[in-house]
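File shown here: my_file-v2.cif, holding mmCIF, C-alpha atoms and all ligand atoms.
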```cif
data_start
#
loop_
_atom_site.group_PDB
_atom_site.id
_atom_site.type_symbol
_atom_site.label_atom_id
_atom_site.label_comp_id
_atom_site.auth_asym_id
_atom_site.auth_seq_id
_atom_site.Cartn_x
_atom_site.Cartn_y
_atom_site.Cartn_z
ATOM 1 C CA MET A 439 -18.183 1.153 5.992
ATOM 2 C CA SER A 440 -18.724 1.840 9.671
ATOM 3 C CA VAL A 441 -17.367 4.979 11.346
ATOM 4 C CA ALA A 442 -13.816 5.722 10.222
ATOM 5 C CA ASN A 443 -11.091 4.805 12.690
ATOM 6 C CA ILE A 444 -9.251 8.127 12.998
ATOM 7 C CA GLN A 445 -6.735 8.961 15.687
ATOM 8 C CA GLU A 446 -5.120 12.321 16.406
ATOM 9 C CA VAL A 447 -1.369 12.428 16.896
ATOM 10 C CA HIS A 448 0.031 14.586 19.671
ATOM 11 C CA ILE A 449 3.693 15.422 19.432
ATOM 12 C CA PRO A 450 5.340 18.681 20.549
ATOM 13 C CA MET A 451 6.392 19.687 17.020
ATOM 14 C CA LEU A 452 2.734 19.779 15.932
ATOM 15 C CA GLU A 453 1.733 22.041 18.838
ATOM 16 C CA GLU A 454 4.570 24.352 17.955
ATOM 17 C CA LYS A 455 3.620 24.502 14.258
ATOM 18 C CA LYS A 456 -0.117 24.672 15.042
ATOM 19 C CA VAL A 457 -0.865 21.886 12.589
ATOM 20 C CA ARG A 458 -3.197 19.041 13.505
ATOM 21 C CA LEU A 459 -2.247 15.558 12.310
ATOM 22 C CA PHE A 460 -4.644 12.616 12.234
ATOM 23 C CA ILE A 461 -4.106 9.021 11.147
ATOM 24 C CA LEU A 462 -6.724 6.902 9.384
ATOM 25 C CA ARG A 463 -6.016 3.484 10.883
ATOM 26 C CA GLU A 464 -6.683 1.238 7.904
ATOM 27 C CA ASP A 465 -3.886 -0.925 9.304
ATOM 28 C CA GLN A 466 -6.429 -1.999 11.936
ATOM 29 C CA ARG A 467 -9.189 -2.897 9.479
ATOM 30 C CA HIS A 468 -8.356 -6.575 9.364
ATOM 31 C CA THR A 469 -5.599 -8.589 11.020
ATOM 32 C CA CYS A 470 -4.244 -10.049 7.755
ATOM 33 C CA ILE A 471 -5.955 -8.282 4.835
ATOM 34 C CA SER A 472 -4.395 -5.041 5.840
ATOM 35 C CA GLY A 473 -4.959 -1.439 4.907
ATOM 36 C CA ASN A 474 -5.391 -0.476 1.295
ATOM 37 C CA LYS A 475 -5.049 -4.095 0.167
ATOM 38 C CA TRP A 476 -8.421 -4.896 1.719
ATOM 39 C CA TRP A 477 -10.038 -2.142 -0.352
ATOM 40 C CA LYS A 478 -8.136 -3.046 -3.497
ATOM 41 C CA LEU A 479 -9.299 -6.653 -3.248
ATOM 42 C CA LYS A 480 -12.907 -5.991 -2.269
ATOM 43 C CA TYR A 481 -14.502 -5.519 -5.711
ATOM 44 C CA ASN A 482 -12.050 -7.886 -7.378
ATOM 45 C CA LEU A 483 -13.235 -10.716 -5.135
ATOM 46 C CA ALA A 484 -16.836 -9.773 -5.865
ATOM 47 C CA ALA A 485 -16.101 -9.869 -9.611
ATOM 48 C CA ALA A 486 -14.338 -13.236 -9.341
ATOM 49 C CA ARG A 487 -17.328 -14.652 -7.498
ATOM 50 C CA ARG A 488 -19.786 -13.237 -10.049
ATOM 51 C CA GLN A 489 -17.780 -14.797 -12.865
ATOM 52 C CA GLY A 490 -17.821 -18.135 -11.084
ATOM 53 C CA CYS A 491 -14.014 -18.201 -10.753
ATOM 54 C CA GLN A 492 -12.794 -20.224 -7.810
ATOM 55 C CA THR A 493 -9.108 -19.442 -8.197
ATOM 56 C CA LEU A 494 -7.262 -16.138 -7.848
ATOM 57 C CA LEU A 495 -3.847 -15.740 -9.441
ATOM 58 C CA THR A 496 -1.588 -12.814 -8.784
ATOM 59 C CA PHE A 497 2.021 -11.636 -8.850
ATOM 60 C CA GLY A 498 4.438 -10.069 -6.405
ATOM 61 C CA GLY A 499 7.866 -9.908 -4.830
ATOM 62 C CA ALA A 500 8.910 -12.275 -2.069
ATOM 63 C CA TYR A 501 7.987 -9.769 0.669
ATOM 64 C CA SER A 502 4.855 -8.406 -0.971
ATOM 65 C CA ASN A 503 1.997 -7.078 1.168
ATOM 66 C CA HIS A 504 -0.304 -7.821 -1.751
ATOM 67 C CA ILE A 505 0.686 -11.513 -1.885
ATOM 68 C CA TYR A 506 0.163 -11.759 1.867
ATOM 69 C CA ALA A 507 -3.256 -10.083 1.729
ATOM 70 C CA THR A 508 -4.446 -12.086 -1.299
ATOM 71 C CA ALA A 509 -3.481 -15.360 0.378
ATOM 72 C CA ALA A 510 -5.418 -14.391 3.510
ATOM 73 C CA ALA A 511 -8.417 -13.137 1.527
ATOM 74 C CA GLY A 512 -8.522 -16.354 -0.499
ATOM 75 C CA LYS A 513 -8.646 -18.417 2.650
ATOM 76 C CA GLU A 514 -11.243 -16.213 4.333
ATOM 77 C CA PHE A 515 -13.577 -15.931 1.350
ATOM 78 C CA GLY A 516 -13.172 -19.408 -0.102
ATOM 79 C CA PHE A 517 -10.928 -18.998 -3.153
ATOM 80 C CA GLN A 518 -7.928 -21.064 -4.176
ATOM 81 C CA THR A 519 -4.927 -18.784 -4.570
ATOM 82 C CA ILE A 520 -1.801 -18.923 -6.704
ATOM 83 C CA GLY A 521 1.085 -16.534 -6.113
ATOM 84 C CA ILE A 522 3.620 -16.011 -8.898
ATOM 85 C CA ILE A 523 6.731 -14.742 -7.148
ATOM 86 C CA ARG A 524 9.497 -12.698 -8.773
ATOM 87 C CA GLY A 525 12.936 -14.303 -8.656
ATOM 88 C CA GLU A 526 14.144 -17.595 -7.298
ATOM 89 C CA ALA A 527 12.836 -19.738 -4.502
ATOM 90 C CA HIS A 528 14.714 -19.412 -1.223
ATOM 91 C CA VAL A 529 14.534 -22.086 1.418
ATOM 92 C CA PRO A 530 13.495 -21.683 4.151
ATOM 93 C CA LEU A 531 10.701 -19.415 3.008
ATOM 94 C CA ASN A 532 10.695 -15.916 4.451
ATOM 95 C CA SER A 533 7.946 -14.893 6.863
ATOM 96 C CA THR A 534 5.673 -13.445 4.129
ATOM 97 C CA LEU A 535 5.754 -16.567 1.956
ATOM 98 C CA THR A 536 5.507 -18.882 4.962
ATOM 99 C CA PHE A 537 2.285 -17.135 5.905
ATOM 100 C CA ALA A 538 1.005 -17.281 2.314
ATOM 101 C CA THR A 539 1.524 -21.032 2.064
ATOM 102 C CA GLN A 540 -0.121 -21.501 5.472
ATOM 103 C CA GLN A 541 -3.201 -19.820 4.018
ATOM 104 C CA GLY A 542 -3.143 -22.389 1.222
ATOM 105 C CA MET A 543 -1.568 -20.255 -1.485
ATOM 106 C CA ARG A 544 0.369 -22.217 -4.093
ATOM 107 C CA LEU A 545 3.622 -20.491 -5.037
ATOM 108 C CA ARG A 546 5.470 -20.543 -8.341
ATOM 109 C CA TYR A 547 8.605 -18.574 -9.158
ATOM 110 C CA LEU A 548 9.395 -16.625 -12.299
ATOM 111 C CA ASP A 549 12.909 -15.502 -13.122
ATOM 112 C CA ARG A 550 13.274 -11.722 -13.318
ATOM 113 C CA THR A 551 13.293 -11.536 -17.123
ATOM 114 C CA SER A 552 10.140 -13.614 -17.601
ATOM 115 C CA TYR A 553 8.590 -11.699 -14.717
ATOM 116 C CA GLN A 554 8.835 -8.495 -16.710
ATOM 117 C CA HIS A 555 6.583 -10.096 -19.334
ATOM 118 C CA LYS A 556 4.276 -11.734 -16.844
ATOM 119 C CA GLU A 557 1.096 -10.200 -18.223
ATOM 120 C CA ASP A 558 1.830 -11.015 -21.863
ATOM 121 C CA GLU A 559 -0.739 -13.343 -23.365
ATOM 122 C CA ALA A 560 1.964 -15.985 -23.982
ATOM 123 C CA VAL A 561 2.866 -16.179 -20.288
ATOM 124 C CA LEU A 562 -0.750 -16.039 -19.150
ATOM 125 C CA SER A 563 -1.839 -18.820 -21.471
ATOM 126 C CA LYS A 564 0.974 -21.013 -20.135
ATOM 127 C CA LEU A 565 -0.288 -20.315 -16.640
ATOM 128 C CA ARG A 566 -3.862 -21.170 -17.695
ATOM 129 C CA HIS A 567 -2.620 -24.382 -19.216
ATOM 130 C CA LYS A 568 -0.932 -25.274 -15.969
ATOM 131 C CA PHE A 569 -3.529 -24.123 -13.437
ATOM 132 C CA GLY A 570 -6.822 -23.980 -15.350
ATOM 133 C CA GLU A 571 -9.034 -20.905 -15.406
ATOM 134 C CA PHE A 572 -8.313 -18.209 -12.849
ATOM 135 C CA TYR A 573 -9.271 -14.655 -12.007
ATOM 136 C CA LEU A 574 -6.207 -12.506 -12.646
ATOM 137 C CA ILE A 575 -5.325 -9.805 -10.146
ATOM 138 C CA PRO A 576 -2.430 -7.654 -11.391
ATOM 139 C CA GLU A 577 0.776 -7.124 -9.419
ATOM 140 C CA GLY A 578 0.079 -4.864 -6.446
ATOM 141 C CA GLY A 579 -3.644 -5.424 -7.028
ATOM 142 C CA THR A 580 -4.112 -2.277 -9.107
ATOM 143 C CA ASN A 581 -6.941 -2.155 -11.638
ATOM 144 C CA THR A 582 -10.213 -0.247 -12.024
ATOM 145 C CA LEU A 583 -11.963 -2.344 -9.368
ATOM 146 C CA ALA A 584 -9.161 -1.544 -6.928
ATOM 147 C CA VAL A 585 -9.673 2.154 -7.625
ATOM 148 C CA GLN A 586 -13.371 1.698 -6.866
ATOM 149 C CA GLY A 587 -12.531 0.157 -3.485
ATOM 150 C CA CYS A 588 -10.133 2.964 -2.543
ATOM 151 C CA ASP A 589 -12.708 5.550 -3.603
ATOM 152 C CA GLU A 590 -15.079 3.908 -1.128
ATOM 153 C CA MET A 591 -12.388 3.952 1.578
ATOM 154 C CA VAL A 592 -12.415 7.766 1.661
ATOM 155 C CA LYS A 593 -15.984 8.532 0.560
ATOM 156 C CA GLU A 594 -17.501 9.071 4.015
ATOM 157 C CA LEU A 595 -14.543 10.718 5.717
ATOM 158 C CA PRO A 596 -14.904 14.040 7.503
ATOM 159 C CA ASP A 597 -13.279 17.009 5.780
ATOM 160 C CA PHE A 598 -9.501 17.573 6.075
ATOM 161 C CA ASP A 599 -7.407 20.246 4.377
ATOM 162 C CA VAL A 600 -4.656 17.820 3.410
ATOM 163 C CA VAL A 601 -4.618 14.041 2.946
ATOM 164 C CA GLY A 602 -1.329 12.123 2.684
ATOM 165 C CA CYS A 603 -0.868 8.606 1.356
ATOM 166 C CA SER A 604 2.021 6.446 0.204
ATOM 167 C CA CYS A 605 2.179 5.411 -3.471
ATOM 168 C CA GLY A 606 3.572 2.308 -5.128
ATOM 169 C CA THR A 607 1.578 1.718 -8.305
ATOM 170 C CA GLY A 608 -0.707 4.703 -7.639
ATOM 171 C CA GLY A 609 -3.902 2.631 -7.573
ATOM 172 C CA THR A 610 -4.754 3.676 -4.042
ATOM 173 C CA LEU A 611 -4.090 7.339 -4.720
ATOM 174 C CA ALA A 612 -6.287 7.192 -7.824
ATOM 175 C CA GLY A 613 -9.198 6.024 -5.677
ATOM 176 C CA ILE A 614 -8.507 8.697 -3.077
ATOM 177 C CA ALA A 615 -8.374 11.431 -5.746
ATOM 178 C CA ALA A 616 -11.665 10.146 -7.159
ATOM 179 C CA GLY A 617 -13.331 9.934 -3.764
ATOM 180 C CA LEU A 618 -12.311 13.226 -2.138
ATOM 181 C CA PRO A 619 -13.591 16.690 -3.050
ATOM 182 C CA ASP A 620 -11.651 19.036 -5.330
ATOM 183 C CA HIS A 621 -10.710 21.366 -2.491
ATOM 184 C CA THR A 622 -8.813 18.676 -0.569
ATOM 185 C CA SER A 623 -5.089 18.766 -1.186
ATOM 186 C CA ILE A 624 -3.923 15.172 -1.601
ATOM 187 C CA LEU A 625 -0.214 14.383 -1.366
ATOM 188 C CA GLY A 626 1.043 11.079 -2.730
ATOM 189 C CA PHE A 627 4.480 10.113 -1.391
ATOM 190 C CA SER A 628 6.301 7.907 -3.850
ATOM 191 C CA ALA A 629 7.853 4.803 -2.301
ATOM 192 C CA LEU A 630 9.817 4.316 -5.522
ATOM 193 C CA LYS A 631 12.808 6.228 -6.714
ATOM 194 C CA ASN A 632 11.374 7.399 -10.018
ATOM 195 C CA GLY A 633 7.916 8.424 -8.944
ATOM 196 C CA GLU A 634 7.479 10.997 -11.688
ATOM 197 C CA PHE A 635 5.444 8.489 -13.724
ATOM 198 C CA LEU A 636 2.762 8.361 -11.040
ATOM 199 C CA LYS A 637 0.832 11.453 -12.040
ATOM 200 C CA GLU A 638 0.079 10.183 -15.544
ATOM 201 C CA GLU A 639 -0.518 6.686 -14.217
ATOM 202 C CA ILE A 640 -3.125 7.989 -11.773
ATOM 203 C CA ASN A 641 -4.765 10.127 -14.460
ATOM 204 C CA GLY A 642 -5.010 7.014 -16.621
ATOM 205 C CA LEU A 643 -6.591 5.031 -13.788
ATOM 206 C CA THR A 644 -9.223 7.625 -12.879
ATOM 207 C CA ARG A 645 -10.031 8.098 -16.572
ATOM 208 C CA GLN A 646 -10.662 4.379 -16.873
ATOM 209 C CA TYR A 647 -12.605 4.345 -13.632
ATOM 210 C CA HIS A 648 -15.009 7.233 -14.155
ATOM 211 C CA ASN A 649 -13.799 9.130 -17.168
ATOM 212 C CA GLN A 650 -12.350 12.028 -15.178
ATOM 213 C CA ILE A 651 -8.968 13.325 -14.211
ATOM 214 C CA HIS A 652 -8.472 15.157 -10.934
ATOM 215 C CA THR A 653 -6.447 18.206 -10.000
ATOM 216 C CA ASN A 654 -6.708 17.637 -6.242
ATOM 217 C CA PHE A 655 -3.502 15.581 -5.928
ATOM 218 C CA SER A 656 0.223 15.985 -6.358
ATOM 219 C CA ILE A 657 3.117 13.559 -6.109
ATOM 220 C CA ILE A 658 6.027 14.118 -3.722
ATOM 221 C CA THR A 659 9.202 12.368 -4.818
ATOM 222 C CA ASP A 660 11.638 13.527 -2.116
ATOM 223 C CA TYR A 661 11.147 10.784 0.458
ATOM 224 C CA HIS A 662 11.960 7.463 -1.232
ATOM 225 C CA PHE A 663 15.193 6.993 0.789
ATOM 226 C CA GLY A 664 17.127 5.612 -2.146
ATOM 227 C CA GLY A 665 14.353 3.549 -3.710
ATOM 228 C CA TYR A 666 11.792 0.848 -3.158
ATOM 229 C CA ALA A 667 12.315 -0.998 0.152
ATOM 230 C CA LYS A 668 15.570 0.897 0.767
ATOM 231 C CA ALA A 669 16.035 2.531 4.153
ATOM 232 C CA ASN A 670 18.586 4.250 6.316
ATOM 233 C CA ALA A 671 19.132 4.743 10.022
ATOM 234 C CA ALA A 672 17.346 8.113 9.997
ATOM 235 C CA LEU A 673 14.153 6.508 8.689
ATOM 236 C CA ILE A 674 14.231 3.673 11.197
ATOM 237 C CA HIS A 675 15.021 6.043 14.025
ATOM 238 C CA PHE A 676 12.038 8.192 13.006
ATOM 239 C CA MET A 677 9.710 5.157 12.868
ATOM 240 C CA ASN A 678 10.788 3.892 16.273
ATOM 241 C CA GLU A 679 10.435 7.329 17.818
ATOM 242 C CA PHE A 680 7.006 7.812 16.230
ATOM 243 C CA ARG A 681 5.942 4.510 17.757
ATOM 244 C CA THR A 682 7.173 5.557 21.192
ATOM 245 C CA GLN A 683 5.433 8.928 20.990
ATOM 246 C CA THR A 684 2.115 7.790 19.509
ATOM 247 C CA GLY A 685 1.838 4.016 19.932
ATOM 248 C CA ILE A 686 1.449 3.713 16.146
ATOM 249 C CA VAL A 687 3.709 1.245 14.330
ATOM 250 C CA LEU A 688 4.693 2.134 10.743
ATOM 251 C CA ASP A 689 6.097 -0.054 7.967
ATOM 252 C CA PRO A 690 9.487 0.702 6.392
ATOM 253 C CA VAL A 691 8.471 0.468 2.714
ATOM 254 C CA TYR A 692 5.450 2.777 2.578
ATOM 255 C CA THR A 693 3.902 4.393 5.639
ATOM 256 C CA GLY A 694 7.207 5.114 7.422
ATOM 257 C CA LYS A 695 8.439 7.133 4.451
ATOM 258 C CA MET A 696 5.108 8.907 4.001
ATOM 259 C CA LEU A 697 4.960 10.012 7.642
ATOM 260 C CA TYR A 698 8.612 10.976 7.655
ATOM 261 C CA GLY A 699 7.813 13.156 4.634
ATOM 262 C CA LEU A 700 4.649 14.652 6.066
ATOM 263 C CA THR A 701 6.238 15.554 9.403
ATOM 264 C CA ASP A 702 9.291 16.937 7.601
ATOM 265 C CA LEU A 703 7.034 19.178 5.484
ATOM 266 C CA ILE A 704 5.239 20.342 8.625
ATOM 267 C CA LYS A 705 8.604 21.173 10.235
ATOM 268 C CA LYS A 706 9.556 23.162 7.140
ATOM 269 C CA ASP A 707 6.337 25.233 7.313
ATOM 270 C CA PHE A 708 4.997 23.757 4.087
ATOM 271 C CA PHE A 709 1.485 24.062 5.586
ATOM 272 C CA GLU A 710 -0.202 27.142 7.033
ATOM 273 C CA GLU A 711 -1.147 27.312 10.705
ATOM 274 C CA ASN A 712 -4.411 25.550 11.552
ATOM 275 C CA THR A 713 -4.112 23.115 8.661
ATOM 276 C CA SER A 714 -5.639 19.724 9.395
ATOM 277 C CA VAL A 715 -3.759 16.797 7.888
ATOM 278 C CA LEU A 716 -4.985 13.213 7.570
ATOM 279 C CA ALA A 717 -2.344 10.541 6.920
ATOM 280 C CA ILE A 718 -3.707 7.242 5.639
ATOM 281 C CA HIS A 719 -2.103 4.281 7.375
ATOM 282 C CA THR A 720 -2.257 1.771 4.539
ATOM 283 C CA GLY A 721 -0.969 -1.092 6.715
ATOM 284 C CA GLY A 722 1.864 -3.309 5.529
ATOM 285 C CA LEU A 723 3.123 -4.132 9.013
ATOM 286 C CA GLN A 724 3.637 -7.766 8.018
ATOM 287 C CA GLY A 725 6.715 -6.534 6.136
ATOM 288 C CA ILE A 726 8.590 -5.528 9.272
ATOM 289 C CA ALA A 727 9.643 -9.080 10.138
ATOM 290 C CA GLY A 728 11.123 -9.629 6.684
ATOM 291 C CA PHE A 729 12.815 -6.243 6.748
ATOM 292 C CA ASN A 730 14.463 -6.975 10.088
ATOM 293 C CA GLU A 731 15.522 -10.418 8.790
ATOM 294 C CA ARG A 732 17.167 -8.870 5.724
ATOM 295 C CA HIS A 733 18.927 -6.102 7.616
ATOM 296 C CA LYS A 734 20.022 -8.072 10.625
ATOM 297 C CA ASN A 735 23.433 -6.834 11.858
ATOM 298 C CA LYS A 736 23.329 -3.768 9.652
ATOM 299 C CA LYS A 737 20.703 -1.406 10.911
ATOM 300 C CA LEU A 738 18.603 -0.670 13.927
ATOM 301 C CA PRO A 739 15.736 -3.127 14.160
ATOM 302 C CA ILE A 740 12.263 -1.717 13.631
ATOM 303 C CA LEU A 741 10.273 -2.138 16.807
ATOM 304 C CA ALA A 742 6.907 -3.644 16.009
ATOM 305 C CA ASN A 743 4.936 -3.823 19.238
HETATM 306 C C1 LIG A 801 0.696 -1.677 -1.538
HETATM 307 C C2 LIG A 801 0.893 -0.604 -0.528
HETATM 308 C C3 LIG A 801 0.894 0.762 -0.876
HETATM 309 C C4 LIG A 801 0.877 1.230 -2.299
HETATM 310 O O1 LIG A 801 -0.367 1.136 -2.887
HETATM 311 P P1 LIG A 801 -0.532 1.437 -4.445
HETATM 312 O O2 LIG A 801 -1.986 1.320 -4.663
HETATM 313 O O3 LIG A 801 0.236 0.386 -5.181
HETATM 314 O O4 LIG A 801 0.020 2.782 -4.724
HETATM 315 C C5 LIG A 801 0.973 1.690 0.142
HETATM 316 N N1 LIG A 801 1.085 1.310 1.438
HETATM 317 C C6 LIG A 801 1.112 0.021 1.799
HETATM 318 C C7 LIG A 801 1.288 -0.315 3.226
HETATM 319 C C8 LIG A 801 1.017 -0.982 0.840
HETATM 320 O O5 LIG A 801 1.056 -2.268 1.219
#
```

Here is a file; write its structure as structure tokens.
Amino acid sequence: MSVANIQEVHIPMLEEKKVRLFILREDQRHTCISGNKWWKLKYNLAAARRQGCQTLLTFGGAYSNHIYATAAAGKEFGFQTIGIIRGEAHVPLNSTLTFATQQGMRLRYLDRTSYQHKEDEAVLSKLRHKFGEFYLIPEGGTNTLAVQGCDEMVKELPDFDVVGCSCGTGGTLAGIAAGLPDHTSILGFSALKNGEFLKEEINGLTRQYHNQIHTNFSIITDYHFGGYAKANAALIHFMNEFRTQTGIVLDPVYTGKMLYGLTDLIKKDFFEENTSVLAIHTGGLQGIAGFNERHKNKKLPILAN
């Protein structure tokens, strides 16, 4: 990786608290294979190529950043892609799925019950029967090779006291915990309501990855705003204000909640003076259009540029 793209944030609250806040702009790594998804796909694509697989198959919700990124990566690196989408088809397609099909991704829908069993051998062998051999990337892209990519994402970073990142499956945080030194304090902000499972999940992933568990991370479960992809006016107001103050656009599902949480902790003197904090912008900005579509008439729109 070339020199990390790190930007310092200047807002009055930080001056007052004497805490320095920096953002790792992984959202700017690639226009379509954004943020952590680029790193999670990197070694999976290499493995697919090594195995001679020309088709990638993966799973996700209708607004999934992972579906979007996999479709774009398939097009850019010469793989066929198949997206198995949770729930029913809606016409017209939303902006995420429109983009995915424009990249050449074939979409199939699985009802919510079957979707829960999507990685059972019975379901997978049906899919193989239908589509032929494929390289399977799990939902959200999390597996050991994804952890390896996220380890690489943070390997060459300068030293910070605290690193913050949003968590869905925990795959990204597992890589960060593996890649950063023991003395860094890593905070994983759960984007899901019941994020208590994440600690064990991450321990399992780093054990699989390099046979170690790490004590440099903890999971914060106070900033999910009611659950996955839920939001309220306070969150959207914060995101829009953050954009005005810093020029940095956040997404409502992950990075908005993480930065709301981090700045709230700073306000509450959770960190000592002179602490340096690095927030990882894991991307996901493609989701703003879909979010505004879904919440039209109800909430403030998220401003995206
Ligand atoms: C997918 C995603 C995450 C969550 O990553 P996990 O590895 O599943 O924890 C965080 N932020 C953004 C923007 C994402 O798209």

_Two-atom distance - CA of Glu464 (chain A), atom C5 of ligand LIG 801 (chain A) (Å)_ =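 Spanning CA of Glu464 (chain A) to atom C5 of ligand LIG 801 (chain A) is a straight-line distance of 10.9 Å.
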
*Among the residues A:Phe517, A:Tyr553, A:Phe598, A:Tyr501, the one that comes closest to ligand LIG 801 (chain A) [using all atoms listed in the file]*: A:Tyr501

*Do you know which residues are within 9 Å of ligand LIG 801 (chain A) using only C-alpha atoms and all ligand atoms? Can you write them as JSON, numbers by chain?*
{"A": [465, 472, 473, 474, 475, 478, 502, 503, 504, 507, 577, 578, 579, 580, 584, 585, 588, 603, 604, 605, 606, 607, 608, 609, 610, 611, 612, 613, 626, 628, 629, 636, 688, 689, 690, 691, 692, 693, 696, 718, 719, 720, 721, 722, 723, 725]}

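Checking A:Lys564, A:Lys556, A:Lys480, A:Lys513 one by one against Gln541 (chain A), counting only C-alpha atoms, you find the shortest gap at A:Lys513.
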
*At what distance in Å, to one decimal, does CA of Ile522 (chain A) lie from CA of Tyr547 (chain A)?*
5.6 Å

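Near Gln518 (chain A), within 9 Å and counting only C-alpha atoms, sit Gln492, Thr493, Leu494, Leu495, Ala509, Gly512, Gly542, Met543 and Arg544 of chain A, not including residues fewer than 6 positions from it in the same chain.
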
Only C-alpha atoms, please: the residues just picked out, written as a PDB file, in the coordinates of the input.
```
ATOM      1  CA  GLN A 492     -12.794 -20.224  -7.810  1.00  0.00           C
ATOM      2  CA  THR A 493      -9.108 -19.442  -8.197  1.00  0.00           C
ATOM      3  CA  LEU A 494      -7.262 -16.138  -7.848  1.00  0.00           C
ATOM      4  CA  LEU A 495      -3.847 -15.740  -9.441  1.00  0.00           C
ATOM      5  CA  ALA A 509      -3.481 -15.360   0.378  1.00  0.00           C
ATOM      6  CA  GLY A 512      -8.522 -16.354  -0.499  1.00  0.00           C
ATOM      7  CA  GLY A 542      -3.143 -22.389   1.222  1.00  0.00           C
ATOM      8  CA  MET A 543      -1.568 -20.255  -1.485  1.00  0.00           C
ATOM      9  CA  ARG A 544       0.369 -22.217  -4.093  1.00  0.00           C
TER      10      ARG A 544
END
```

Proximity of region 528-597 of chain A to region 639-656 of chain A: per-residue shortest pair, 9 Å limit, only C-alpha atoms, as JSON lines:
```
{"residue": "A:Asn581", "atom": "CA", "partner": "A:Leu643", "partner_atom": "CA", "distance": 7.5}
{"residue": "A:Thr582", "atom": "CA", "partner": "A:Tyr647", "partner_atom": "CA", "distance": 5.4}
{"residue": "A:Leu583", "atom": "CA", "partner": "A:Tyr647", "partner_atom": "CA", "distance": 8.0}
{"residue": "A:Val585", "atom": "CA", "partner": "A:Tyr647", "partner_atom": "CA", "distance": 7.0}
{"residue": "A:Gln586", "atom": "CA", "partner": "A:Tyr647", "partner_atom": "CA", "distance": 7.3}
```

Requested write-out: C-alpha atoms of the selected residues, as a compact mmCIF listing (two decimals), keeping the file's coordinate frame:
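The result, stored in out_22.txt:
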```txt
# COMPACT_ATOMS: atom_id res chain seq x y z
CA ASN A 581 -6.94 -2.15 -11.64
CA THR A 582 -10.21 -0.25 -12.02
CA LEU A 583 -11.96 -2.34 -9.37
CA VAL A 585 -9.67 2.15 -7.62
CA GLN A 586 -13.37 1.70 -6.87
```

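In this structure, CA of Asn632 (chain A) sits 18.9 Å away from CA of Leu700 (chain A).
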
*Can you list, as a PyMOL selection string, the residues that the PyMOL selection byres (((chain A and resi 673) around 12) and not hetatm) selects here?*
chain A and resi 661-664+667-672+674-680+688-699+702+737-740

Taking all atoms of region 712-724 of chain A that appear in the file, build a box with edges along x, y and z, extend it by 6 Å on every side, and state its centre and edge lengths in Å to one decimal, as lines of an AutoDock Vina configuration file.
```
center_x = -1.0
center_y = 8.9
center_z = 8.0
size_x = 21.3
size_y = 45.3
size_z = 19.0
```

*Residues at most 7 Å from region 532-535 of chain A, counting only C-alpha atoms, excluding those fewer than 6 positions away in the same chain, as a list in words?*
Ala500, Tyr501, Tyr506, Ala727 and Gly728 of chain A

*Determine the residue membership of the PyMOL selection byres (((chain A and resi 483) around 9) and not hetatm) for the file above and supply it as a PyMOL selection string.*
chain A and resi 479-482+484-488+494+511-512+515+517+573

_Minimum-distance residue to Glu526 (chain A), chosen among A:Leu595, A:Ile657, A:Leu545, A:Ala560 (using only C-alpha atoms)_ =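 Comparing A:Leu595, A:Ile657, A:Leu545, A:Ala560 against Glu526 (chain A), the winner is A:Leu545.
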
*asked:* Within 12 Å of (-1.9, 22.8, 6.2) in the file's own coordinates, which protein, DNA or RNA residues have an atom, counting all atoms listed in the file? List them as a ChimeraX atom specification.
replied: /A:452,455-459,598-602,622-625,700-701,703-716

Fill-in result for region 631-637 of chain A, N, CA, C and O atoms as a PDB file, in the frame of the given file:
```
ATOM      1  N   LYS A 631      11.845   5.189  -6.408  1.00  0.00           N
ATOM      2  CA  LYS A 631      12.808   6.228  -6.714  1.00  0.00           C
ATOM      3  C   LYS A 631      12.331   7.140  -7.840  1.00  0.00           C
ATOM      4  O   LYS A 631      12.458   8.346  -7.751  1.00  0.00           O
ATOM      5  N   ASN A 632      11.776   6.563  -8.886  1.00  0.00           N
ATOM      6  CA  ASN A 632      11.374   7.399 -10.018  1.00  0.00           C
ATOM      7  C   ASN A 632       9.863   7.550 -10.054  1.00  0.00           C
ATOM      8  O   ASN A 632       9.183   7.030 -10.915  1.00  0.00           O
ATOM      9  N   GLY A 633       9.367   8.305  -9.103  1.00  0.00           N
ATOM     10  CA  GLY A 633       7.916   8.424  -8.944  1.00  0.00           C
ATOM     11  C   GLY A 633       7.258   9.408  -9.888  1.00  0.00           C
ATOM     12  O   GLY A 633       6.043   9.608  -9.827  1.00  0.00           O
ATOM     13  N   GLU A 634       8.048   9.975 -10.794  1.00  0.00           N
ATOM     14  CA  GLU A 634       7.479  10.997 -11.688  1.00  0.00           C
ATOM     15  C   GLU A 634       6.389  10.423 -12.593  1.00  0.00           C
ATOM     16  O   GLU A 634       5.520  11.152 -13.061  1.00  0.00           O
ATOM     17  N   PHE A 635       6.446   9.119 -12.853  1.00  0.00           N
ATOM     18  CA  PHE A 635       5.444   8.489 -13.724  1.00  0.00           C
ATOM     19  C   PHE A 635       4.052   8.451 -13.079  1.00  0.00           C
ATOM     20  O   PHE A 635       3.046   8.260 -13.758  1.00  0.00           O
ATOM     21  N   LEU A 636       4.014   8.641 -11.763  1.00  0.00           N
ATOM     22  CA  LEU A 636       2.762   8.361 -11.040  1.00  0.00           C
ATOM     23  C   LEU A 636       1.609   9.262 -11.446  1.00  0.00           C
ATOM     24  O   LEU A 636       0.460   8.824 -11.514  1.00  0.00           O
ATOM     25  N   LYS A 637       1.915  10.517 -11.732  1.00  0.00           N
ATOM     26  CA  LYS A 637       0.832  11.453 -12.040  1.00  0.00           C
ATOM     27  C   LYS A 637       0.034  10.989 -13.268  1.00  0.00           C
ATOM     28  O   LYS A 637      -1.199  10.885 -13.222  1.00  0.00           O
TER      29      LYS A 637
END
```
